[in-house]
Amino acid sequence: RQQKWKSSVSTEVKMPPCDFVPEKYKSYPYERMKQIREQNISPTLQMYYKKPLLLHQGHMQWLFDYEGRRYLDLFAGIVTVSVGHCHPKVTMAAQKQLARLWHTTNIYMHPSIHEYAEKLTSLLPDPLKVVYLTNSGSEANDLAMFMARLYTRNFDFIALRGGYHGGSPYTLGLTSVGSYKHAVANGFGCSTTMLPDVFRGPWGGSRCRDSPVQTVRKCSCSEGVCHASDQYIEQFKDTLNTVVPKTIAGFIAEPIQGVNGAVQYPRRFLKEAYKLVRERGGVCISDEVQTGFGRTGSHFWGFQTHGVVPDIVTLAKGIGNGFPMAAVVTTKEIISSFAQNLHFNTFGGNPLACVVGAAVLDAIEEDDLQKNSEDVGTYMLLQLAKLRDKFEIVGDVRGKGLMIGVEMVTDKESRHPLPPEEMSQIWEDCKDMGVLIGRGGLYSQ
């Protein structure tokens with residue numbers, strides 16, 4: 001099978017020109033770097049590729065390795081570099097603030113946290129107008145769970161299978177991707193429900209997704225009716241009726257699942273799920289760590305594509321273009337229950353982070369990056385769909401804007417995942433042609 005599809009693929013690619021010249025690499029030799037990695041850096045931080053990349057410099061969509069080789073970065077530091085490597089506007093803002101004030105604690109006022117809080121919350125609908133700044137997505141989701149439990153005075157959470165919400169001991173209960181689970185007690189008070197995956201799940205058809213590209217599965221639904229959504233909601237009701245108490249703390253979901261491979265739900269699913277959760281006294285959390293900041297193209301926030309307004313929104317990754325920052329945005333009512341006792345974050349909302357965050361928002365607006373996500377993403381999705389139609393091993397193409405997944409299979413009928421050795425070869429070939437892509441899904445394909 002491998003030779004059949006390989007013989008029809010051209011690996012003679014020509015990169016678009018780039019007039020940026022990287023600096024000369026002056027650090028340790030490659031082999032010395034590998035030695036340090038093996039001796040002094042935790043092996044949990046796995047590396048990609050048979051010959052791991054040693055990257056040296058970045059410029060917008062490009063990365064350069066220690067030998068000066070140029071790569072087109074389609075993975076963006078795991079969906080994080082939202083406006084381009086070393087974007088001049090963001091870099092300049094950071095440099096100016098570095099010379100003025102790096103850090104002071106939030107028991108004092110400083111201009112940047114107030115300016116940024118106003119700017120960020122102005123982009124969210126009422127009543128989501130209060131922000132608590134943190135340093136990472138895991139930390140933000142951890143805090144969102146804490147807030148929900150304090151506010152509702154309930155304990156139990158529901159998350160979707162295949163969801164990734166962090167690796168801290170608290171959020172590991174919500175994360176439902178087996179390779180991230182450790183053999184320690186976790187997840188007390190966290191239950192998962194069936195993932196409404198219209199490609200791999202039991203139900204789904206050719207009109208379910210909010211995407212320019214639909215599944216090849218047939219759909220017999222009439223206008224305004226979605227059989228798949230109804231069936232997945234029945235499964236959600238079953239979870240509510242069997243594994244959690246009558247009242248719950250909340251439900252968390254990514255608008256499009258990221259780590260699990262850009263999985264999209266039927267259009268009406270989240271709206272119905274939110275309603276059921278609120279009937280049980282729970283709050284609804286939208287994990288926008290990967291879908292936020294215009295990445296989906298049509299909207300600034302992923303939850304807007306589902307026609308819902310969550311009670312809590314968590315943000316990270318693209319919020320700082322790679323600077324370690326994150327945020328929880330919620331309502332005054334929810335945050336007031338959290339404020340009854342002290343909760344302090346030393347680095348969250350420090351002057352440097354807030355200046356970087358504000359510059360990222362400006363760059364998104366000035367460079368029209370939300371529209372860019374829609375235009376370039378739609379073009380890519382439609383072109384990738386042609387590959388799906390041409391090759392038996394391309395099972396599904398999905399996504400919205402520049403949140404795109406291509407699911408590789410042995411054949412379209414069985415939908416069995418493409419074996420790791422074949423998937424790895426495609427991945428390596430892309431890298432050798434100068435294109436960096438990510439891997440996700442339960443089967444890394």
# chains A, B, ... in the order shown; residues from 1 in each chain; ligands from 1
call {"tool": "residues_around", "arguments": {"residues": "A:Val90", "least_positions_apart": "3", "cutoff": "8 Å", "atoms": "only C-alpha atoms", "output": "VMD selection string"}}
result
chain A and resid 86 to 87 93 to 94 356 359 to 360 363
call {"tool": "write_last_selection", "arguments": {"atoms": "C-alpha atoms", "output": "PDB file, in the first residue's frame"}}
result
ATOM      1  CA  CYS A  86       9.594  37.530  16.747  1.00  0.00           C
ATOM      2  CA  HIS A  87       6.800  39.735  15.385  1.00  0.00           C
ATOM      3  CA  ALA A  93       6.867  46.241  23.112  1.00  0.00           C
ATOM      4  CA  ALA A  94       8.663  43.556  25.163  1.00  0.00           C
ATOM      5  CA  VAL A 356       3.226  41.371  25.414  1.00  0.00           C
ATOM      6  CA  ALA A 359       0.879  43.896  21.648  1.00  0.00           C
ATOM      7  CA  VAL A 360      -0.391  40.509  20.437  1.00  0.00           C
ATOM      8  CA  ALA A 363      -0.901  42.708  15.942  1.00  0.00           C
TER       9      ALA A 363
END
call {"tool": "residues_around", "arguments": {"residues": "A:Pro202", "least_positions_apart": "2", "cutoff": "12 Å", "atoms": "only C-alpha atoms", "output": "ChimeraX atom specification"}}
result
/A:194-200,204-205,217,227-229,231-232,235
call {"tool": "write_last_selection", "arguments": {"atoms": "N, CA, C and O atoms", "output": "short mmCIF file (atom, residue, chain, number, x, y, z; two decimals), in the first residue's frame"}}
result
data_model
loop_
_atom_site.label_atom_id
_atom_site.label_comp_id
_atom_site.auth_asym_id
_atom_site.auth_seq_id
_atom_site.Cartn_x
_atom_site.Cartn_y
_atom_site.Cartn_z
N MET A 194 -19.26 10.55 26.17
CA MET A 194 -18.89 10.20 24.81
C MET A 194 -18.56 11.43 23.97
O MET A 194 -19.27 12.43 24.02
N LEU A 195 -17.48 11.33 23.22
CA LEU A 195 -17.08 12.41 22.33
C LEU A 195 -17.96 12.41 21.07
O LEU A 195 -18.04 11.38 20.38
N PRO A 196 -18.61 13.52 20.77
CA PRO A 196 -19.44 13.58 19.56
C PRO A 196 -18.59 13.79 18.30
O PRO A 196 -18.60 14.84 17.68
N ASP A 197 -17.81 12.77 17.95
CA ASP A 197 -16.90 12.81 16.80
C ASP A 197 -17.65 12.25 15.58
O ASP A 197 -17.91 11.05 15.51
N VAL A 198 -17.97 13.11 14.63
CA VAL A 198 -18.82 12.70 13.52
C VAL A 198 -18.06 11.90 12.45
O VAL A 198 -18.67 11.36 11.54
N PHE A 199 -16.73 11.79 12.59
CA PHE A 199 -15.97 10.94 11.68
C PHE A 199 -15.75 9.55 12.29
O PHE A 199 -16.01 8.54 11.66
N ARG A 200 -15.28 9.52 13.53
CA ARG A 200 -14.90 8.24 14.13
C ARG A 200 -15.96 7.68 15.08
O ARG A 200 -15.94 6.48 15.41
N GLY A 204 -22.80 10.30 12.66
CA GLY A 204 -22.22 11.45 11.97
C GLY A 204 -22.49 11.36 10.49
O GLY A 204 -22.58 10.27 9.91
N GLY A 205 -22.63 12.53 9.87
CA GLY A 205 -22.91 12.56 8.44
C GLY A 205 -22.26 13.74 7.76
O GLY A 205 -21.42 14.43 8.34
N ARG A 217 -19.02 10.43 5.19
CA ARG A 217 -20.16 9.61 5.64
C ARG A 217 -21.46 10.22 5.14
O ARG A 217 -21.63 11.43 5.13
N HIS A 227 -29.52 14.18 13.29
CA HIS A 227 -29.67 12.89 13.99
C HIS A 227 -28.46 12.62 14.88
O HIS A 227 -28.61 12.18 16.02
N ALA A 228 -27.26 12.91 14.37
CA ALA A 228 -26.04 12.64 15.14
C ALA A 228 -26.02 13.45 16.43
O ALA A 228 -25.72 12.91 17.50
N SER A 229 -26.32 14.75 16.34
CA SER A 229 -26.33 15.59 17.53
C SER A 229 -27.32 15.06 18.56
O SER A 229 -27.00 14.98 19.75
N GLN A 231 -28.36 12.02 18.99
CA GLN A 231 -27.86 10.77 19.58
C GLN A 231 -26.75 11.05 20.61
O GLN A 231 -26.73 10.43 21.68
N TYR A 232 -25.85 11.96 20.28
CA TYR A 232 -24.77 12.27 21.23
C TYR A 232 -25.31 12.98 22.46
O TYR A 232 -24.79 12.79 23.57
N GLN A 235 -26.50 10.43 24.84
CA GLN A 235 -25.38 9.88 25.60
C GLN A 235 -24.98 10.82 26.74
O GLN A 235 -24.63 10.37 27.84
#
call {"tool": "residues_around", "arguments": {"residues": "stretch 245-253 of chain A", "least_positions_apart": "2", "cutoff": "6 Å", "atoms": "only C-alpha atoms", "output": "NGL selection string"}}
result
:A and (148-149 or 152 or 154-159 or 280-287)
call {"tool": "closest_atom_pairs", "arguments": {"of": "stretch 296-338 of chain A", "to": "stretch 116-129 of chain A", "cutoff": "7 Å", "atoms": "only C-alpha atoms", "output": "JSON lines"}}
result
{"residue": "A:Val329", "atom": "CA", "partner": "A:Leu128", "partner_atom": "CA", "distance": 6.1}
{"residue": "A:Thr330", "atom": "CA", "partner": "A:Leu128", "partner_atom": "CA", "distance": 4.8}
{"residue": "A:Thr331", "atom": "CA", "partner": "A:Leu128", "partner_atom": "CA", "distance": 4.9}
call {"tool": "select_by_dssp", "arguments": {"residues": "stretch 7-227 of chain A", "states": "strand (DSSP E or B)", "output": "list in words"}}
result
Leu55, His56, Gln57, Gly58, His59, Met60, Trp62, Leu63, Phe64, Asp65, Arg70, Tyr71, Leu72, Asp73, His85, Val130, Val131, Tyr132, Leu133, Thr134, Phe157, Ile158, Ala159, Leu160, Cys190, Ser191, Thr192 and Thr193 of chain A
call {"tool": "write_last_selection", "arguments": {"atoms": "C-alpha atoms", "output": "short mmCIF file (atom, residue, chain, number, x, y, z; two decimals), in the first residue's frame"}}
result
data_model
loop_
_atom_site.label_atom_id
_atom_site.label_comp_id
_atom_site.auth_asym_id
_atom_site.auth_seq_id
_atom_site.Cartn_x
_atom_site.Cartn_y
_atom_site.Cartn_z
CA LEU A 55 16.44 25.37 16.04
CA HIS A 56 18.26 28.64 16.31
CA GLN A 57 16.12 31.57 15.14
CA GLY A 58 12.60 32.45 14.04
CA HIS A 59 11.17 35.08 11.72
CA MET A 60 7.37 35.25 11.30
CA TRP A 62 9.86 30.69 9.32
CA LEU A 63 12.23 28.79 11.62
CA PHE A 64 15.96 28.31 11.03
CA ASP A 65 18.11 25.50 12.36
CA ARG A 70 14.75 27.18 6.69
CA TYR A 71 11.45 25.55 7.71
CA LEU A 72 7.85 26.65 7.19
CA ASP A 73 6.33 26.35 10.66
CA HIS A 85 7.98 34.34 15.41
CA VAL A 130 -13.46 40.00 34.82
CA VAL A 131 -10.05 38.42 34.27
CA TYR A 132 -7.57 36.56 36.46
CA LEU A 133 -4.17 36.25 34.78
CA THR A 134 -2.01 33.13 35.15
CA PHE A 157 -17.19 17.82 36.56
CA ILE A 158 -17.98 16.41 33.15
CA ALA A 159 -15.52 16.50 30.26
CA LEU A 160 -15.51 14.98 26.77
CA CYS A 190 -14.32 14.11 37.14
CA SER A 191 -16.36 12.04 34.69
CA THR A 192 -16.09 11.79 30.93
CA THR A 193 -18.85 11.43 28.39
#
call {"tool": "closest_residue", "arguments": {"among": "A:Gly297, A:Tyr180, A:Ala76, A:His343", "to": "A:Thr44", "atoms": "only C-alpha atoms"}}
result
A:Tyr180
call {"tool": "closest_residue", "arguments": {"among": "A:Pro255, A:Pro324, A:Pro417, A:Pro17", "to": "A:Asn135", "atoms": "only C-alpha atoms"}}
result
A:Pro324
call {"tool": "select_by_dssp", "arguments": {"residues": "stretch 9-214 of chain A", "states": "helix (DSSP H, G or I)", "output": "NGL selection string"}}
result
:A and (30-40 or 76-79 or 88-100 or 111-121 or 137-152 or 171-173 or 178-180)
call {"tool": "residues_around", "arguments": {"residues": "A:Gly292", "least_positions_apart": "2", "cutoff": "12 Å", "atoms": "only C-alpha atoms", "output": "compact mmCIF listing (two decimals) with all heavy atoms, in the first residue's frame"}}
result
# COMPACT_ATOMS: atom_id res chain seq x y z
N VAL A 79 0.55 25.30 18.40
CA VAL A 79 -0.59 26.22 18.30
C VAL A 79 -0.43 27.43 19.21
O VAL A 79 -1.38 27.84 19.87
CB VAL A 79 -1.93 25.49 18.60
CG1 VAL A 79 -3.11 26.17 17.93
CG2 VAL A 79 -1.89 24.04 18.16
N THR A 80 0.75 27.99 19.26
CA THR A 80 1.04 29.04 20.24
C THR A 80 1.52 30.34 19.60
O THR A 80 1.14 31.42 20.05
CB THR A 80 2.10 28.52 21.24
OG1 THR A 80 1.54 27.41 21.95
CG2 THR A 80 2.52 29.59 22.21
N SER A 82 0.98 32.90 17.61
CA SER A 82 -0.26 33.32 16.94
C SER A 82 -0.06 34.43 15.93
O SER A 82 -0.88 34.59 15.01
CB SER A 82 -1.28 33.76 18.00
OG SER A 82 -0.68 34.66 18.92
N LEU A 120 -8.55 43.18 26.78
CA LEU A 120 -8.94 41.78 26.59
C LEU A 120 -10.43 41.57 26.82
O LEU A 120 -11.12 40.96 26.00
CB LEU A 120 -8.13 40.88 27.52
CG LEU A 120 -8.45 39.39 27.47
CD1 LEU A 120 -8.10 38.80 26.10
CD2 LEU A 120 -7.73 38.62 28.58
N LEU A 123 -13.18 42.37 24.28
CA LEU A 123 -13.36 41.46 23.15
C LEU A 123 -14.29 40.30 23.48
O LEU A 123 -14.58 39.47 22.62
CB LEU A 123 -11.99 40.91 22.71
CG LEU A 123 -11.01 41.95 22.18
CD1 LEU A 123 -9.61 41.37 22.08
CD2 LEU A 123 -11.47 42.48 20.82
N LEU A 124 -14.74 40.24 24.74
CA LEU A 124 -15.64 39.17 25.16
C LEU A 124 -17.03 39.72 25.43
O LEU A 124 -17.18 40.86 25.86
CB LEU A 124 -15.10 38.47 26.40
CG LEU A 124 -13.90 37.56 26.10
CD1 LEU A 124 -12.73 37.89 26.98
CD2 LEU A 124 -14.29 36.10 26.24
N GLU A 254 -13.44 21.98 24.74
CA GLU A 254 -12.81 22.83 23.73
C GLU A 254 -13.81 23.01 22.59
O GLU A 254 -14.48 22.03 22.22
CB GLU A 254 -11.55 22.16 23.18
CG GLU A 254 -10.52 21.78 24.21
CD GLU A 254 -9.62 20.64 23.74
OE1 GLU A 254 -8.61 20.93 23.07
OE2 GLU A 254 -9.95 19.47 24.03
N PRO A 255 -13.95 24.19 22.01
CA PRO A 255 -14.87 24.36 20.87
C PRO A 255 -14.51 23.45 19.69
O PRO A 255 -15.38 22.96 18.98
CB PRO A 255 -14.71 25.83 20.51
CG PRO A 255 -14.31 26.48 21.80
CD PRO A 255 -13.41 25.49 22.47
N ILE A 256 -13.22 23.24 19.47
CA ILE A 256 -12.71 22.20 18.57
C ILE A 256 -11.59 21.53 19.35
O ILE A 256 -10.69 22.20 19.86
CB ILE A 256 -12.14 22.79 17.26
CG1 ILE A 256 -13.23 23.52 16.47
CG2 ILE A 256 -11.53 21.69 16.39
CD1 ILE A 256 -12.70 24.27 15.24
N GLY A 258 -8.21 20.07 20.25
CA GLY A 258 -6.90 20.30 19.65
C GLY A 258 -5.99 19.10 19.69
O GLY A 258 -5.69 18.49 18.66
N SER A 286 -15.51 27.14 28.58
CA SER A 286 -14.98 26.98 27.22
C SER A 286 -13.46 27.09 27.29
O SER A 286 -12.92 28.12 27.66
CB SER A 286 -15.55 28.05 26.29
OG SER A 286 -15.08 27.83 24.96
N ASP A 287 -12.79 26.01 26.93
CA ASP A 287 -11.33 25.97 26.89
C ASP A 287 -10.89 26.50 25.53
O ASP A 287 -10.92 25.79 24.52
CB ASP A 287 -10.85 24.53 27.11
CG ASP A 287 -9.34 24.39 27.07
OD1 ASP A 287 -8.68 25.22 26.42
OD2 ASP A 287 -8.82 23.43 27.66
N GLU A 288 -10.48 27.77 25.50
CA GLU A 288 -10.10 28.45 24.26
C GLU A 288 -8.58 28.49 24.07
O GLU A 288 -8.07 29.32 23.31
CB GLU A 288 -10.65 29.89 24.26
CG GLU A 288 -12.15 29.98 24.31
CD GLU A 288 -12.82 29.78 22.96
OE1 GLU A 288 -12.13 29.86 21.92
OE2 GLU A 288 -14.04 29.54 22.95
N VAL A 289 -7.88 27.60 24.74
CA VAL A 289 -6.41 27.63 24.71
C VAL A 289 -5.89 27.50 23.27
O VAL A 289 -4.93 28.16 22.89
CB VAL A 289 -5.83 26.53 25.62
CG1 VAL A 289 -4.34 26.37 25.40
CG2 VAL A 289 -6.11 26.87 27.09
N GLN A 290 -6.57 26.69 22.45
CA GLN A 290 -6.13 26.56 21.05
C GLN A 290 -7.03 27.28 20.05
O GLN A 290 -6.58 27.69 19.00
CB GLN A 290 -6.01 25.08 20.67
CG GLN A 290 -4.89 24.38 21.42
CD GLN A 290 -4.48 23.06 20.79
OE1 GLN A 290 -4.60 22.84 19.61
NE2 GLN A 290 -3.94 22.16 21.61
N GLY A 294 -9.02 34.43 17.22
CA GLY A 294 -9.27 34.53 15.78
C GLY A 294 -8.83 33.33 14.96
O GLY A 294 -8.96 33.34 13.74
N ARG A 295 -8.32 32.29 15.62
CA ARG A 295 -7.80 31.15 14.86
C ARG A 295 -8.87 30.48 13.98
O ARG A 295 -8.56 29.97 12.90
CB ARG A 295 -7.17 30.11 15.80
CG ARG A 295 -6.55 28.93 15.07
CD ARG A 295 -5.76 28.03 16.01
NE ARG A 295 -4.59 28.69 16.55
CZ ARG A 295 -3.44 28.84 15.89
NH1 ARG A 295 -3.31 28.38 14.65
NH2 ARG A 295 -2.42 29.44 16.46
N THR A 296 -10.12 30.46 14.45
CA THR A 296 -11.16 29.79 13.65
C THR A 296 -11.63 30.62 12.47
O THR A 296 -12.40 30.15 11.64
CB THR A 296 -12.38 29.42 14.52
OG1 THR A 296 -12.98 30.61 15.02
CG2 THR A 296 -11.99 28.50 15.67
N GLY A 297 -11.19 31.88 12.39
CA GLY A 297 -11.48 32.71 11.22
C GLY A 297 -12.79 33.46 11.28
O GLY A 297 -12.81 34.68 11.25
N SER A 298 -13.90 32.75 11.40
CA SER A 298 -15.20 33.42 11.35
C SER A 298 -15.49 34.22 12.62
O SER A 298 -16.24 35.19 12.59
CB SER A 298 -16.32 32.39 11.13
OG SER A 298 -16.40 31.51 12.24
N HIS A 299 -14.90 33.83 13.74
CA HIS A 299 -15.14 34.48 15.02
C HIS A 299 -13.83 34.61 15.78
O HIS A 299 -12.87 33.89 15.52
CB HIS A 299 -16.13 33.69 15.87
CG HIS A 299 -17.50 33.58 15.26
ND1 HIS A 299 -17.79 32.69 14.25
CD2 HIS A 299 -18.64 34.25 15.51
CE1 HIS A 299 -19.07 32.82 13.91
NE2 HIS A 299 -19.60 33.77 14.66
N PHE A 300 -13.81 35.52 16.76
CA PHE A 300 -12.61 35.72 17.56
C PHE A 300 -12.44 34.59 18.57
O PHE A 300 -11.32 34.20 18.90
CB PHE A 300 -12.65 37.08 18.27
CG PHE A 300 -11.29 37.58 18.64
CD1 PHE A 300 -10.44 38.14 17.68
CD2 PHE A 300 -10.83 37.51 19.95
CE1 PHE A 300 -9.17 38.60 18.02
CE2 PHE A 300 -9.56 37.97 20.31
CZ PHE A 300 -8.73 38.51 19.33
N TRP A 301 -13.57 34.08 19.08
CA TRP A 301 -13.55 33.00 20.07
C TRP A 301 -14.26 31.78 19.51
O TRP A 301 -15.28 31.90 18.85
CB TRP A 301 -14.21 33.44 21.38
CG TRP A 301 -13.68 34.71 21.93
CD1 TRP A 301 -14.32 35.91 22.03
CD2 TRP A 301 -12.34 34.95 22.44
NE1 TRP A 301 -13.49 36.86 22.58
CE2 TRP A 301 -12.26 36.31 22.84
CE3 TRP A 301 -11.21 34.14 22.59
CZ2 TRP A 301 -11.11 36.86 23.38
CZ3 TRP A 301 -10.06 34.69 23.14
CH2 TRP A 301 -10.02 36.03 23.52
N GLY A 302 -13.74 30.62 19.84
CA GLY A 302 -14.33 29.37 19.34
C GLY A 302 -15.75 29.16 19.79
O GLY A 302 -16.58 28.63 19.05
N PHE A 303 -16.08 29.57 21.04
CA PHE A 303 -17.44 29.33 21.54
C PHE A 303 -18.48 30.07 20.71
O PHE A 303 -19.63 29.63 20.59
CB PHE A 303 -17.57 29.68 23.03
CG PHE A 303 -17.40 31.13 23.39
CD1 PHE A 303 -18.44 32.04 23.20
CD2 PHE A 303 -16.21 31.60 23.95
CE1 PHE A 303 -18.30 33.38 23.55
CE2 PHE A 303 -16.06 32.94 24.30
CZ PHE A 303 -17.09 33.83 24.10
N GLN A 304 -18.08 31.21 20.09
CA GLN A 304 -19.02 31.97 19.27
C GLN A 304 -19.48 31.18 18.04
O GLN A 304 -20.58 31.40 17.54
CB GLN A 304 -18.38 33.29 18.84
CG GLN A 304 -18.13 34.25 20.01
CD GLN A 304 -17.26 35.42 19.63
OE1 GLN A 304 -16.24 35.27 18.96
NE2 GLN A 304 -17.65 36.62 20.04
N THR A 305 -18.66 30.26 17.57
CA THR A 305 -19.04 29.45 16.40
C THR A 305 -20.15 28.46 16.75
O THR A 305 -20.78 27.91 15.86
CB THR A 305 -17.83 28.68 15.83
OG1 THR A 305 -17.43 27.67 16.75
CG2 THR A 305 -16.66 29.61 15.56
N VAL A 313 -14.24 31.31 30.66
CA VAL A 313 -13.42 31.08 29.46
C VAL A 313 -11.97 31.00 29.90
O VAL A 313 -11.51 31.85 30.67
CB VAL A 313 -13.60 32.21 28.42
CG1 VAL A 313 -12.70 31.99 27.22
CG2 VAL A 313 -15.06 32.30 27.98
N THR A 314 -11.25 29.98 29.42
CA THR A 314 -9.83 29.88 29.72
C THR A 314 -9.01 30.13 28.46
O THR A 314 -9.36 29.65 27.37
CB THR A 314 -9.48 28.50 30.32
OG1 THR A 314 -9.91 27.46 29.45
CG2 THR A 314 -10.14 28.33 31.67
N LEU A 315 -7.92 30.87 28.62
CA LEU A 315 -7.09 31.30 27.49
C LEU A 315 -5.63 31.02 27.80
O LEU A 315 -5.19 31.14 28.93
CB LEU A 315 -7.25 32.81 27.26
CG LEU A 315 -8.68 33.37 27.21
CD1 LEU A 315 -8.65 34.89 27.25
CD2 LEU A 315 -9.38 32.89 25.96
N ALA A 316 -4.87 30.67 26.78
CA ALA A 316 -3.42 30.49 26.93
C ALA A 316 -2.80 30.44 25.52
O ALA A 316 -3.35 31.03 24.60
CB ALA A 316 -3.10 29.23 27.73
N LYS A 317 -1.68 29.77 25.37
CA LYS A 317 -0.98 29.59 24.10
C LYS A 317 -0.88 30.89 23.29
O LYS A 317 -0.06 31.74 23.58
CB LYS A 317 -1.61 28.45 23.29
CG LYS A 317 -1.32 27.07 23.89
CD LYS A 317 -1.73 25.95 22.97
CE LYS A 317 -1.49 24.58 23.56
NZ LYS A 317 -0.09 24.14 23.56
N GLY A 318 -1.75 31.09 22.30
CA GLY A 318 -1.66 32.24 21.42
C GLY A 318 -1.84 33.59 22.09
O GLY A 318 -1.56 34.62 21.48
N ILE A 319 -2.27 33.60 23.33
CA ILE A 319 -2.49 34.85 24.07
C ILE A 319 -1.22 35.70 24.14
O ILE A 319 -1.28 36.92 24.13
CB ILE A 319 -3.02 34.54 25.50
CG1 ILE A 319 -3.53 35.79 26.21
CG2 ILE A 319 -1.97 33.85 26.35
CD1 ILE A 319 -4.23 35.49 27.54
N GLY A 320 -0.04 35.03 24.22
CA GLY A 320 1.21 35.77 24.37
C GLY A 320 2.21 35.48 23.27
O GLY A 320 3.38 35.84 23.40
N ALA A 326 -1.41 33.21 30.55
CA ALA A 326 -2.72 32.60 30.36
C ALA A 326 -3.74 33.41 31.15
O ALA A 326 -3.37 34.34 31.88
CB ALA A 326 -2.71 31.15 30.83
N ALA A 327 -5.02 33.08 31.00
CA ALA A 327 -6.05 33.87 31.69
C ALA A 327 -7.31 33.06 31.89
O ALA A 327 -7.62 32.14 31.13
CB ALA A 327 -6.37 35.12 30.86
N LEU A 361 -2.63 41.41 20.80
CA LEU A 361 -3.97 41.82 20.38
C LEU A 361 -3.90 42.89 19.29
O LEU A 361 -4.66 42.86 18.32
CB LEU A 361 -4.78 42.33 21.58
CG LEU A 361 -5.17 41.30 22.64
CD1 LEU A 361 -5.91 41.97 23.79
CD2 LEU A 361 -6.01 40.18 22.04
N ILE A 364 -2.83 41.21 15.98
CA ILE A 364 -3.93 40.46 15.37
C ILE A 364 -4.85 41.40 14.61
O ILE A 364 -5.26 41.12 13.47
CB ILE A 364 -4.72 39.67 16.45
CG1 ILE A 364 -3.87 38.54 17.01
CG2 ILE A 364 -6.02 39.11 15.87
CD1 ILE A 364 -4.46 37.86 18.25
N GLN A 370 -7.36 37.53 11.89
CA GLN A 370 -8.57 36.71 11.94
C GLN A 370 -9.06 36.42 10.52
O GLN A 370 -9.39 35.28 10.18
CB GLN A 370 -9.67 37.40 12.75
CG GLN A 370 -10.92 36.53 12.90
CD GLN A 370 -12.00 37.21 13.74
OE1 GLN A 370 -11.72 37.98 14.65
NE2 GLN A 370 -13.25 36.92 13.42
N SER A 373 -6.81 33.97 8.89
CA SER A 373 -7.14 32.59 9.30
C SER A 373 -8.28 32.04 8.47
O SER A 373 -8.23 30.89 8.02
CB SER A 373 -7.53 32.55 10.78
OG SER A 373 -6.41 32.72 11.61
N LYS A 400 -11.61 24.54 10.96
CA LYS A 400 -12.20 25.84 10.67
C LYS A 400 -11.09 26.87 10.82
O LYS A 400 -10.34 26.83 11.79
CB LYS A 400 -13.33 26.10 11.66
CG LYS A 400 -14.21 27.31 11.33
CD LYS A 400 -15.40 27.33 12.27
CE LYS A 400 -16.17 28.64 12.16
NZ LYS A 400 -16.75 28.89 10.85
N GLY A 401 -10.96 27.76 9.84
CA GLY A 401 -9.86 28.71 9.88
C GLY A 401 -8.54 27.97 9.84
O GLY A 401 -8.37 26.99 9.11
N LEU A 402 -7.60 28.41 10.68
CA LEU A 402 -6.30 27.75 10.74
C LEU A 402 -6.20 26.78 11.93
O LEU A 402 -5.17 26.66 12.58
CB LEU A 402 -5.18 28.79 10.78
CG LEU A 402 -4.91 29.45 9.42
CD1 LEU A 402 -3.90 30.58 9.53
CD2 LEU A 402 -4.44 28.43 8.39
N MET A 403 -7.31 26.10 12.18
CA MET A 403 -7.34 24.98 13.14
C MET A 403 -7.74 23.76 12.31
O MET A 403 -8.93 23.50 12.08
CB MET A 403 -8.38 25.28 14.22
CG MET A 403 -8.47 24.25 15.30
SD MET A 403 -7.39 24.67 16.66
CE MET A 403 -7.71 23.29 17.75
call {"tool": "residues_around", "arguments": {"residues": "A:Leu418", "least_positions_apart": "4", "cutoff": "7 Å", "atoms": "only C-alpha atoms", "output": "tab-separated table (two decimals) with N, CA and C atoms, in the first residue's frame"}}
result
chain	number	residue	atom	x	y	z
A	408	MET	N	-5.31	10.31	9.11
A	408	MET	CA	-4.76	9.30	8.22
A	408	MET	C	-5.25	7.90	8.63
A	409	VAL	N	-5.65	7.10	7.63
A	409	VAL	CA	-6.25	5.78	7.88
A	409	VAL	C	-5.64	4.75	6.94
A	410	THR	N	-5.86	3.46	7.25
A	410	THR	CA	-5.42	2.42	6.32
A	410	THR	C	-6.30	2.43	5.08
A	422	GLU	N	4.15	4.10	9.25
A	422	GLU	CA	3.81	4.79	8.00
A	422	GLU	C	3.53	6.26	8.27
A	423	MET	N	2.84	6.53	9.37
A	423	MET	CA	2.56	7.92	9.74
A	423	MET	C	3.87	8.68	9.99
A	445	GLN	N	-2.18	9.99	14.65
A	445	GLN	CA	-2.20	9.97	13.18
A	445	GLN	C	-3.13	11.03	12.59
call {"tool": "closest_residue", "arguments": {"among": "A:Gly405, A:Gly173, A:Gly77, A:Gly357", "to": "A:Val263", "atoms": "only C-alpha atoms"}}
result
A:Gly405
call {"tool": "atom_distance", "arguments": {"atom1": "atom CA of A:Arg267", "atom2": "atom CA of A:Arg209"}}
result
5.8 Å
call {"tool": "closest_residue", "arguments": {"among": "A:Ile334, A:Gly395, A:Asp429, A:Gly349", "to": "A:Ile113", "atoms": "only C-alpha atoms"}}
result
A:Gly349
call {"tool": "residues_around", "arguments": {"residues": "A:Arg398", "least_positions_apart": "2", "cutoff": "9 Å", "atoms": "only C-alpha atoms", "output": "VMD selection string"}}
result
chain A and resid 209 211 to 215 262 to 264 381 385 396 400 403 to 407
call {"tool": "write_last_selection", "arguments": {"atoms": "C-alpha atoms", "output": "short mmCIF file (atom, residue, chain, number, x, y, z; two decimals), in the first residue's frame"}}
result
data_model
loop_
_atom_site.label_atom_id
_atom_site.label_comp_id
_atom_site.auth_asym_id
_atom_site.auth_seq_id
_atom_site.Cartn_x
_atom_site.Cartn_y
_atom_site.Cartn_z
CA ARG A 209 -19.78 20.17 11.04
CA SER A 211 -16.43 23.48 8.39
CA PRO A 212 -15.87 24.03 4.67
CA VAL A 213 -15.13 20.27 4.51
CA GLN A 214 -17.52 17.59 5.72
CA THR A 215 -17.04 13.87 6.34
CA ALA A 262 -9.01 19.01 15.47
CA VAL A 263 -12.16 17.05 16.26
CA GLN A 264 -15.40 18.95 15.60
CA LEU A 381 -9.03 22.90 3.83
CA ALA A 385 -9.98 17.81 0.66
CA ASP A 396 -10.84 12.89 6.94
CA LYS A 400 -12.20 25.84 10.67
CA MET A 403 -7.34 24.98 13.14
CA ILE A 404 -6.98 22.06 10.74
CA GLY A 405 -6.78 18.29 11.12
CA VAL A 406 -6.06 15.58 8.54
CA GLU A 407 -6.81 12.07 9.81
#
